[in-house]
file upload.tsv (TSV, C-alpha atoms and all ligand atoms)
chain	number	residue	atom	x	y	z
A	102	PRO	CA	12.24	-15.67	-17.49
A	103	PRO	CA	9.00	-15.60	-15.51
A	104	ALA	CA	7.64	-18.97	-14.46
A	105	PRO	CA	4.85	-20.41	-16.61
A	106	HIS	CA	1.31	-19.74	-15.50
A	107	ARG	CA	-0.01	-22.13	-12.91
A	108	ILE	CA	-3.74	-22.12	-13.47
A	109	SER	CA	-5.54	-20.93	-10.37
A	110	THR	CA	-7.07	-23.86	-8.51
A	111	GLY	CA	-8.53	-22.03	-5.55
A	112	SER	CA	-5.68	-23.03	-3.30
A	113	LEU	CA	-1.94	-22.45	-3.12
A	114	PRO	CA	0.59	-25.21	-3.79
A	115	GLY	CA	2.07	-26.99	-0.74
A	116	TRP	CA	4.27	-25.20	1.81
A	117	ASP	CA	7.60	-26.43	0.39
A	118	GLU	CA	6.65	-25.41	-3.14
A	119	VAL	CA	5.60	-21.89	-2.05
A	120	ASP	CA	8.84	-21.54	-0.09
A	121	ARG	CA	10.92	-22.61	-3.08
A	122	LEU	CA	9.08	-20.24	-5.44
A	123	VAL	CA	9.54	-17.25	-3.10
A	124	ILE	CA	13.29	-17.88	-3.17
A	125	GLU	CA	13.19	-18.30	-6.95
A	126	ALA	CA	11.20	-15.08	-7.43
A	127	HIS	CA	13.77	-13.21	-5.35
A	128	ALA	CA	16.69	-14.59	-7.39
A	129	TYR	CA	14.88	-13.82	-10.66
A	130	ALA	CA	14.06	-10.19	-9.87
A	131	LYS	CA	17.40	-9.43	-8.18
A	132	ALA	CA	19.06	-9.49	-11.59
A	133	SER	CA	17.44	-6.16	-12.46
A	134	THR	CA	19.20	-2.95	-11.45
A	135	ASP	CA	16.77	-0.73	-13.37
A	136	GLY	CA	15.02	2.25	-11.82
A	137	GLU	CA	15.93	5.12	-9.52
A	138	ILE	CA	15.58	5.66	-5.78
A	139	ALA	CA	13.05	8.35	-4.76
A	140	THR	CA	14.86	11.53	-3.76
A	141	TYR	CA	12.04	14.07	-3.35
A	142	ILE	CA	11.86	12.97	0.29
A	143	PRO	CA	15.55	13.62	1.14
A	144	ARG	CA	15.87	10.84	3.76
A	145	LEU	CA	14.79	8.19	1.25
A	146	ALA	CA	17.82	8.98	-0.94
A	147	ALA	CA	20.12	7.62	1.80
A	148	VAL	CA	18.76	4.05	1.58
A	149	ASP	CA	20.87	1.16	0.22
A	150	PRO	CA	19.47	0.60	-3.31
A	151	GLU	CA	20.47	-3.08	-3.26
A	152	LEU	CA	18.12	-4.06	-0.43
A	153	PHE	CA	15.58	-6.57	-1.69
A	154	GLY	CA	13.10	-8.65	0.27
A	155	VAL	CA	10.21	-10.86	-0.81
A	156	SER	CA	7.56	-12.45	1.38
A	157	VAL	CA	4.34	-14.42	0.92
A	158	ALA	CA	1.80	-14.82	3.73
A	159	GLU	CA	-0.91	-17.44	3.36
A	160	VAL	CA	-4.42	-17.17	4.82
A	161	ASP	CA	-3.56	-20.13	7.09
A	162	GLY	CA	-0.86	-17.96	8.72
A	163	ALA	CA	2.23	-19.45	7.02
A	164	VAL	CA	4.80	-16.75	6.17
A	165	HIS	CA	7.57	-17.33	3.62
A	166	THR	CA	10.54	-14.98	3.14
A	167	ALA	CA	13.60	-14.48	0.93
A	168	GLY	CA	16.38	-11.88	1.03
A	169	ASP	CA	15.93	-8.72	3.10
A	170	ALA	CA	12.32	-9.49	4.06
A	171	GLU	CA	12.94	-8.43	7.68
A	172	VAL	CA	14.55	-5.06	6.85
A	173	ALA	CA	12.37	-2.10	7.88
A	174	PHE	CA	11.47	0.74	5.52
A	175	SER	CA	8.76	3.41	5.53
A	176	ILE	CA	5.37	2.18	4.36
A	177	GLN	CA	4.60	5.42	2.45
A	178	SER	CA	1.57	5.20	0.15
A	179	ILE	CA	0.83	1.60	1.09
A	180	SER	CA	-0.57	3.04	4.33
A	181	LYS	CA	-3.38	4.59	2.25
A	182	ALA	CA	-4.97	1.19	1.61
A	183	PHE	CA	-5.13	0.25	5.28
A	184	VAL	CA	-6.26	3.66	6.54
A	185	TYR	CA	-8.99	3.53	3.89
A	186	ALA	CA	-10.13	0.16	5.26
A	187	LEU	CA	-10.21	1.55	8.81
A	188	VAL	CA	-12.30	4.52	7.66
A	189	ILE	CA	-14.86	2.43	5.77
A	190	GLU	CA	-15.09	0.23	8.86
A	191	ARG	CA	-16.09	3.29	10.88
A	192	LEU	CA	-18.13	5.32	8.36
A	193	GLY	CA	-19.52	2.72	5.97
A	194	HIS	CA	-19.37	1.94	2.26
A	195	GLU	CA	-21.68	4.72	0.97
A	196	ALA	CA	-20.36	7.65	2.99
A	197	VAL	CA	-16.75	7.00	2.03
A	198	ARG	CA	-17.56	6.39	-1.61
A	199	GLU	CA	-19.35	9.70	-1.81
A	200	ARG	CA	-16.61	11.67	0.01
A	201	VAL	CA	-13.48	10.08	-1.41
A	202	GLY	CA	-14.50	8.29	-4.63
A	203	VAL	CA	-13.27	5.11	-6.31
A	204	ASN	CA	-12.26	6.11	-9.84
A	205	ASN	CA	-8.75	6.38	-11.26
A	206	THR	CA	-7.53	9.90	-12.05
A	207	GLY	CA	-5.23	8.71	-14.86
A	208	LEU	CA	-2.69	11.13	-13.41
A	209	PRO	CA	0.29	10.85	-11.03
A	210	PHE	CA	-0.26	10.33	-7.30
A	211	ASN	CA	0.52	13.91	-6.31
A	212	SER	CA	-1.42	15.62	-9.10
A	213	VAL	CA	-3.06	18.98	-8.37
A	214	VAL	CA	-4.49	19.12	-11.89
A	215	ALA	CA	-6.61	16.03	-11.11
A	216	ILE	CA	-8.30	17.92	-8.27
A	217	GLU	CA	-9.00	20.91	-10.48
A	218	LEU	CA	-10.32	18.76	-13.32
A	219	ASN	CA	-12.82	17.11	-10.97
A	220	ASN	CA	-14.30	20.16	-9.26
A	221	GLY	CA	-12.25	19.55	-6.13
A	222	HIS	CA	-13.23	15.91	-5.74
A	223	PRO	CA	-10.25	13.84	-4.51
A	224	MET	CA	-11.39	10.98	-6.84
A	225	ASN	CA	-9.95	7.97	-5.00
A	226	PRO	CA	-8.28	7.13	-1.68
A	227	MET	CA	-4.92	6.08	-3.19
A	228	VAL	CA	-3.79	9.38	-4.69
A	229	ASN	CA	-2.46	11.90	-2.18
A	230	ALA	CA	-5.58	14.10	-2.34
A	231	GLY	CA	-7.88	11.19	-1.57
A	232	ALA	CA	-5.56	9.79	1.08
A	233	ILE	CA	-5.39	13.13	2.90
A	234	ALA	CA	-9.19	13.37	2.69
A	235	THR	CA	-9.47	9.80	4.01
A	236	THR	CA	-7.11	10.43	6.93
A	237	ALA	CA	-9.19	13.52	7.78
A	238	LEU	CA	-12.26	11.25	8.02
A	239	VAL	CA	-10.81	9.01	10.77
A	240	PRO	CA	-13.22	9.76	13.64
A	241	ALA	CA	-11.24	11.50	16.39
A	242	ALA	CA	-11.50	14.47	18.75
A	243	SER	CA	-7.96	15.65	17.94
A	244	ALA	CA	-5.11	15.07	15.50
A	245	GLU	CA	-3.24	13.11	18.20
A	246	GLU	CA	-6.22	10.82	18.69
A	247	ARG	CA	-6.49	10.39	14.91
A	248	TRP	CA	-2.81	9.43	14.72
A	249	ALA	CA	-3.17	6.97	17.60
A	250	ALA	CA	-6.14	5.29	15.86
A	251	ILE	CA	-4.15	4.95	12.64
A	252	GLN	CA	-1.01	3.62	14.34
A	253	ASP	CA	-3.09	1.11	16.32
A	254	GLY	CA	-5.11	0.07	13.27
A	255	LEU	CA	-2.13	-0.47	10.97
A	256	SER	CA	-0.36	-2.36	13.78
A	257	ALA	CA	-3.38	-4.69	14.03
A	258	PHE	CA	-3.10	-5.39	10.29
A	259	ALA	CA	0.60	-6.22	10.73
A	260	GLY	CA	0.10	-8.20	13.95
A	261	ARG	CA	2.82	-6.26	15.76
A	262	ARG	CA	3.39	-2.71	16.99
A	263	LEU	CA	4.51	-0.52	14.07
A	264	GLU	CA	6.79	2.40	14.97
A	265	LEU	CA	7.40	5.76	13.33
A	266	ASP	CA	10.68	6.49	11.51
A	267	GLY	CA	11.29	9.96	12.96
A	268	GLU	CA	13.93	10.85	10.38
A	269	VAL	CA	11.70	10.00	7.43
A	270	TYR	CA	8.83	11.90	9.05
A	271	THR	CA	10.78	15.13	9.64
A	272	SER	CA	12.43	14.86	6.22
A	273	GLU	CA	9.02	14.67	4.53
A	274	ALA	CA	7.37	17.21	6.86
A	275	ASP	CA	10.09	19.74	5.91
A	276	THR	CA	9.58	19.22	2.17
A	277	ASN	CA	5.86	18.41	1.73
A	278	GLN	CA	4.68	21.82	0.53
A	279	ARG	CA	2.86	20.11	-2.31
A	280	ASN	CA	0.80	17.90	0.01
A	281	ARG	CA	0.00	20.92	2.17
A	282	ALA	CA	-1.19	22.70	-0.97
A	283	ILE	CA	-3.35	19.68	-1.86
A	284	GLY	CA	-4.88	19.65	1.63
A	285	THR	CA	-5.62	23.38	1.50
A	286	LEU	CA	-7.07	23.08	-2.02
A	287	LEU	CA	-9.45	20.36	-0.80
A	288	GLN	CA	-10.48	22.69	2.02
A	289	ALA	CA	-11.13	25.49	-0.49
A	290	TYR	CA	-13.49	23.14	-2.34
A	291	GLY	CA	-15.23	22.15	0.91
A	292	ARG	CA	-14.02	18.57	0.53
A	293	ILE	CA	-12.34	18.29	3.93
A	294	ASP	CA	-13.84	19.18	7.30
A	295	ALA	CA	-10.92	18.65	9.69
A	296	ASP	CA	-7.98	21.12	9.76
A	297	PRO	CA	-6.27	20.25	6.43
A	298	LEU	CA	-2.71	20.93	7.60
A	299	ALA	CA	-3.23	18.79	10.69
A	300	ALA	CA	-4.61	16.05	8.42
A	301	VAL	CA	-1.55	16.33	6.15
A	302	ASP	CA	0.67	16.02	9.22
A	303	VAL	CA	-1.08	12.82	10.35
A	304	TYR	CA	-0.91	11.54	6.76
A	305	THR	CA	2.85	12.24	6.74
A	306	ARG	CA	3.23	10.30	9.97
A	307	GLN	CA	1.23	7.34	8.67
A	308	CYS	CA	3.52	7.25	5.60
A	309	SER	CA	6.57	7.15	7.93
A	310	LEU	CA	5.55	3.98	9.78
A	311	LEU	CA	8.21	1.30	9.51
A	312	VAL	CA	7.31	-2.08	8.03
A	313	THR	CA	9.14	-5.05	6.51
A	314	ALA	CA	8.24	-7.03	3.39
A	315	ALA	CA	7.02	-9.78	5.74
A	316	ASP	CA	4.78	-7.25	7.54
A	317	LEU	CA	3.30	-6.18	4.20
A	318	ALA	CA	2.56	-9.80	3.34
A	319	VAL	CA	0.72	-10.28	6.65
A	320	MET	CA	-1.14	-6.96	6.27
A	321	GLY	CA	-2.21	-8.00	2.78
A	322	ALA	CA	-3.12	-11.50	3.93
A	323	THR	CA	-5.47	-9.89	6.47
A	324	LEU	CA	-7.38	-8.39	3.54
A	325	ALA	CA	-7.16	-11.72	1.66
A	326	ASP	CA	-8.59	-13.44	4.74
A	327	GLY	CA	-11.73	-11.27	4.85
A	328	GLY	CA	-10.34	-8.88	7.48
A	329	VAL	CA	-8.94	-11.42	9.97
A	330	ASN	CA	-5.17	-11.33	10.57
A	331	PRO	CA	-4.16	-14.94	9.82
A	332	VAL	CA	-1.19	-14.83	12.19
A	333	THR	CA	-2.81	-13.28	15.28
A	334	GLY	CA	-6.39	-14.39	14.59
A	335	GLN	CA	-7.63	-10.84	15.31
A	336	ARG	CA	-10.51	-9.47	13.23
A	337	VAL	CA	-9.27	-6.05	12.10
A	338	VAL	CA	-12.06	-5.06	9.69
A	339	SER	CA	-15.24	-6.75	8.44
A	340	ALA	CA	-15.24	-8.98	5.37
A	341	SER	CA	-17.17	-6.39	3.33
A	342	VAL	CA	-14.61	-3.69	4.19
A	343	ALA	CA	-11.76	-5.99	3.10
A	344	ARG	CA	-13.66	-6.57	-0.15
A	345	ASP	CA	-14.24	-2.84	-0.75
A	346	THR	CA	-10.57	-2.08	-0.13
A	347	LEU	CA	-9.41	-4.71	-2.62
A	348	ALA	CA	-11.86	-3.49	-5.26
A	349	VAL	CA	-10.53	0.06	-5.06
A	350	LEU	CA	-6.93	-1.18	-5.10
A	351	ALA	CA	-7.64	-3.06	-8.33
A	352	SER	CA	-8.60	0.18	-10.08
A	353	THR	CA	-6.27	2.70	-8.38
A	354	GLY	CA	-3.50	0.97	-6.37
A	355	LEU	CA	-0.77	1.71	-8.89
A	356	TYR	CA	-2.07	5.14	-9.91
A	357	GLU	CA	-1.98	5.79	-13.66
A	358	ARG	CA	-0.32	2.38	-14.12
A	359	SER	CA	-3.17	0.49	-12.48
A	360	GLY	CA	-4.49	-0.86	-15.78
A	361	GLU	CA	-1.10	-2.21	-16.78
A	362	TRP	CA	-0.65	-3.72	-13.32
A	363	LEU	CA	-4.01	-5.50	-13.42
A	364	PHE	CA	-3.30	-6.70	-16.95
A	365	GLU	CA	0.15	-8.08	-16.11
A	366	ILE	CA	-0.38	-9.30	-12.54
A	367	GLY	CA	-4.13	-9.76	-12.25
A	368	LEU	CA	-4.37	-8.81	-8.58
A	369	PRO	CA	-5.09	-5.73	-6.45
A	370	GLY	CA	-1.87	-4.12	-5.22
A	371	LYS	CA	-0.50	-0.98	-3.61
A	372	SER	CA	2.93	0.56	-3.98
A	373	GLY	CA	4.94	3.06	-1.93
A	374	VAL	CA	7.86	5.32	-2.87
A	375	ALA	CA	10.19	3.73	-0.32
A	376	GLY	CA	10.02	0.63	-2.56
A	377	GLY	CA	7.36	-1.53	-0.93
A	378	ILE	CA	4.47	-3.19	-2.75
A	379	VAL	CA	1.68	-5.28	-1.25
A	380	THR	CA	-0.38	-7.53	-3.56
A	381	VAL	CA	-3.42	-9.46	-2.42
A	382	SER	CA	-4.94	-12.67	-3.74
A	383	PRO	CA	-8.42	-12.91	-2.18
A	384	GLY	CA	-8.92	-16.09	-0.18
A	385	LYS	CA	-5.33	-17.24	-0.69
A	386	GLY	CA	-2.76	-14.80	0.71
A	387	ALA	CA	-0.58	-11.84	-0.13
A	388	ILE	CA	2.83	-10.88	-1.42
A	389	GLY	CA	4.99	-8.22	0.26
A	390	VAL	CA	8.10	-6.93	-1.51
A	391	PHE	CA	10.70	-4.25	-0.84
A	392	SER	CA	13.32	-2.88	-3.23
A	393	PRO	CA	14.03	0.87	-3.38
A	394	ARG	CA	14.66	1.42	-7.11
A	395	LEU	CA	11.47	2.72	-8.76
A	396	ASP	CA	10.00	3.10	-12.23
A	397	PRO	CA	8.94	6.59	-13.41
A	398	ALA	CA	5.46	6.20	-11.82
A	399	GLY	CA	7.04	5.49	-8.40
A	400	ASN	CA	6.70	1.71	-8.25
A	401	SER	CA	9.52	-0.67	-7.25
A	402	VAL	CA	11.06	-2.29	-10.33
A	403	ARG	CA	12.29	-5.49	-8.69
A	404	GLY	CA	9.14	-5.57	-6.60
A	405	GLN	CA	6.99	-5.63	-9.72
A	406	LEU	CA	9.12	-8.38	-11.31
A	407	ALA	CA	9.01	-10.60	-8.20
A	408	THR	CA	5.27	-10.03	-7.81
A	409	ARG	CA	4.53	-10.94	-11.41
A	410	PHE	CA	6.66	-14.07	-11.06
A	411	LEU	CA	4.78	-15.16	-7.93
A	412	SER	CA	1.34	-14.25	-9.26
A	413	GLN	CA	1.99	-16.54	-12.20
A	414	ALA	CA	3.92	-19.33	-10.48
A	415	LEU	CA	1.53	-19.60	-7.53
A	416	GLY	CA	-1.61	-19.27	-9.66
A	417	LEU	CA	-2.73	-16.19	-7.71
A	418	ASP	CA	-4.02	-14.17	-10.67
A	419	VAL	CA	-7.80	-13.73	-10.21
A	420	PHE	CA	-8.45	-13.92	-13.93
A	501	LIG	O1	2.91	11.87	0.07
A	501	LIG	C1	3.92	11.41	-0.45
A	501	LIG	O2	4.41	11.89	-1.45
A	501	LIG	C2	4.56	10.18	0.20
A	501	LIG	N1	4.42	10.23	1.61
A	501	LIG	C3	3.94	8.91	-0.31
A	501	LIG	C4	3.93	8.79	-1.82
A	501	LIG	C5	4.00	7.41	-2.33
A	501	LIG	O3	4.39	6.47	-1.64
A	501	LIG	C6	3.70	7.23	-3.77
A	501	LIG	N2	3.80	5.85	-4.17
A	501	LIG	N3	4.34	5.18	-4.90

call {"tool": "encode", "arguments": {"input": "upload.tsv", "output": "structure tokens", "more": "lines below"}}
Ligand code: DON
result
Amino acid sequence: PPAPHRISTGSLPGWDEVDRLVIEAHAYAKASTDGEIATYIPRLAAVDPELFGVSVAEVDGAVHTAGDAEVAFSIQSISKAFVYALVIERLGHEAVRERVGVNNTGLPFNSVVAIELNNGHPMNPMVNAGAIATTALVPAASAEERWAAIQDGLSAFAGRRLELDGEVYTSEADTNQRNRAIGTLLQAYGRIDADPLAAVDVYTRQCSLLVTAADLAVMGATLADGGVNPVTGQRVVSASVARDTLAVLASTGLYERSGEWLFEIGLPGKSGVAGGIVTVSPGKGAIGVFSPRLDPAGNSVRGQLATRFLSQALGLDVF
């Protein structure tokens, strides 16, 4: 059963206690074999479904791990949160809110209907439409320059150089007709200025960056720490950008399940179809998890269980 709620005190328990609870959360959630691996990106179907890693990074730079927390997987939609932060950093709060939006669509992440229902507006940066529109906003003279800015920026969040998984990238690039349609539909509505297919290609590359559960924890802890990576000490984005990113994650990070997520876990989070989830507790730290079996909305089943356990046991819940 989940651990009882530890009432939030404004600080985490001591190092040994956090370490012990990370191991306990991993053992607790490992018992579940529910969910299915994503197969619509063919390369993802080849992953070992039993892999399971849990990590917590604290804003003082301590990193705790259990299980397969150092196994690399593609970041997928979790990239959307960090690219969004980089774009607000460059363009500002107002411009990005107007172009990309902050409201939940109530529909799945790859919905075309949501675009049609909203007069072509992408609605928020976490669904594919909004993420493609956000990637297209990264200031750059070419798609290559845009990609380089994203790879460098996400690497700064992680505190190490993140590399592309070429097999995942080509597998998705060969099968992403739907995302190309979304990009072209946004162009038809005048919601994207850059070449939409080039933007979709950069988006596909950003989704194919390899991370570990421990990387996700550090990336999330950078947002928890007001934009400063607590391991490297580098300021990656301003404190107000970190705040804006977390606010939009709270309402849209788990798509049409975002309300349930906030109700159960009480923290902003972002999931990806490879099985990663990052969850951020402002001022305290972040949880990174990886387990490939997903619920019907595309969110890791074990990842959600371990995150709920830790949110409760560590008193991370903001409510
Ligand atoms: O665009 C896609 O479909 C994937 N590259 C990312 C989707 C994703 O991770 C959805 N999240 N749970």

call {"tool": "closest_atom_pairs", "arguments": {"input": "upload.tsv", "of": "region 215-274 of chain A", "to": "region 286-299 of chain A", "cutoff": "7 Å", "atoms": "only C-alpha atoms", "output": "JSON lines"}}
result
{"residue": "A:Gly221", "atom": "CA", "partner": "A:Tyr290", "partner_atom": "CA", "distance": 5.4}
{"residue": "A:His222", "atom": "CA", "partner": "A:Arg292", "partner_atom": "CA", "distance": 6.9}
{"residue": "A:Ala234", "atom": "CA", "partner": "A:Ile293", "partner_atom": "CA", "distance": 6.0}
{"residue": "A:Ala237", "atom": "CA", "partner": "A:Ala295", "partner_atom": "CA", "distance": 5.7}
{"residue": "A:Ala244", "atom": "CA", "partner": "A:Ala299", "partner_atom": "CA", "distance": 6.4}

call {"tool": "closest_atom_pairs", "arguments": {"input": "upload.tsv", "of": "chain A", "to": "ligand LIG 501 (chain A)", "cutoff": "6 Å", "atoms": "all atoms listed in the file", "output": "tab-separated table"}}
result
residue	atom	partner	partner_atom	distance
A:Gln177	CA	A:LIG501	O3	4.2
A:Ser178	CA	A:LIG501	O3	3.6
A:Asn229	CA	A:LIG501	O1	5.8
A:Thr305	CA	A:LIG501	N1	5.7
A:Cys308	CA	A:LIG501	N1	5.1
A:Ser372	CA	A:LIG501	N3	4.9
A:Gly373	CA	A:LIG501	O3	3.5
A:Val374	CA	A:LIG501	O3	3.9
A:Gly399	CA	A:LIG501	N3	4.4
A:Asn400	CA	A:LIG501	N3	5.4

call {"tool": "atom_distance", "arguments": {"input": "upload.tsv", "atom1": "CA of Asn219 (chain A)", "atom2": "CA of Leu350 (chain A)"}}
result
20.1 Å

call {"tool": "residues_around", "arguments": {"input": "upload.tsv", "residues": "region 383-391 of chain A", "least_positions_apart": "2", "cutoff": "7 Å", "atoms": "all atoms listed in the file", "output": "JSON, numbers by chain"}}
result
{"A": [112, 113, 153, 154, 155, 156, 157, 158, 159, 160, 314, 315, 317, 318, 321, 322, 325, 326, 376, 377, 378, 379, 380, 381, 393, 404, 408]}

call {"tool": "residues_around", "arguments": {"input": "upload.tsv", "residues": "Arg121 (chain A)", "least_positions_apart": "6", "cutoff": "10 Å", "atoms": "all atoms listed in the file", "output": "number ranges by chain"}}
result
A: 165-167

call {"tool": "decode", "arguments": {"input": "upload.tsv", "residues": "region 295-313 of chain A", "atoms": "N, CA and C atoms", "output": "CSV table (one decimal), in the first residue's frame"}}
result
chain,number,residue,atom,x,y,z
A,295,ALA,N,7.5,29.0,-39.2
A,295,ALA,CA,8.6,28.2,-39.8
A,295,ALA,C,8.0,27.1,-40.7
A,296,ASP,N,8.9,26.5,-41.5
A,296,ASP,CA,8.4,25.4,-42.3
A,296,ASP,C,7.9,24.3,-41.4
A,297,PRO,N,6.6,23.9,-41.5
A,297,PRO,CA,6.0,23.0,-40.5
A,297,PRO,C,6.7,21.6,-40.5
A,298,LEU,N,7.0,21.1,-41.7
A,298,LEU,CA,7.6,19.8,-41.8
A,298,LEU,C,9.0,19.8,-41.2
A,299,ALA,N,9.7,20.8,-41.4
A,299,ALA,CA,11.1,20.9,-40.7
A,299,ALA,C,10.9,21.0,-39.2
A,300,ALA,N,9.9,21.7,-38.8
A,300,ALA,CA,9.6,21.8,-37.3
A,300,ALA,C,9.2,20.5,-36.8
A,301,VAL,N,8.4,19.7,-37.5
A,301,VAL,CA,8.1,18.3,-37.0
A,301,VAL,C,9.3,17.5,-37.0
A,302,ASP,N,10.2,17.6,-37.9
A,302,ASP,CA,11.5,16.8,-37.9
A,302,ASP,C,12.3,17.2,-36.7
A,303,VAL,N,12.4,18.4,-36.4
A,303,VAL,CA,13.2,18.8,-35.2
A,303,VAL,C,12.5,18.3,-33.9
A,304,TYR,N,11.2,18.4,-33.9
A,304,TYR,CA,10.4,17.9,-32.8
A,304,TYR,C,10.6,16.4,-32.6
A,305,THR,N,10.7,15.7,-33.7
A,305,THR,CA,10.9,14.2,-33.7
A,305,THR,C,12.3,13.9,-33.1
A,306,ARG,N,13.3,14.7,-33.5
A,306,ARG,CA,14.6,14.5,-32.9
A,306,ARG,C,14.6,14.8,-31.5
A,307,GLN,N,14.0,15.9,-31.0
A,307,GLN,CA,14.0,16.2,-29.6
A,307,GLN,C,13.4,15.1,-28.8
A,308,CYS,N,12.3,14.5,-29.3
A,308,CYS,CA,11.7,13.3,-28.6
A,308,CYS,C,12.6,12.1,-28.6
A,309,SER,N,13.6,12.0,-29.4
A,309,SER,CA,14.5,10.9,-29.5
A,309,SER,C,15.7,11.0,-28.7
A,310,LEU,N,15.9,12.1,-28.0
A,310,LEU,CA,17.0,12.3,-27.1
A,310,LEU,C,17.0,11.2,-26.0
A,311,LEU,N,18.2,10.7,-25.7
A,311,LEU,CA,18.2,9.6,-24.7
A,311,LEU,C,18.5,10.2,-23.3
A,312,VAL,N,17.7,9.8,-22.3
A,312,VAL,CA,17.8,10.2,-20.9
A,312,VAL,C,17.7,9.0,-20.0
A,313,THR,N,18.1,9.2,-18.8
A,313,THR,CA,17.8,8.1,-17.8
A,313,THR,C,16.8,8.7,-16.7
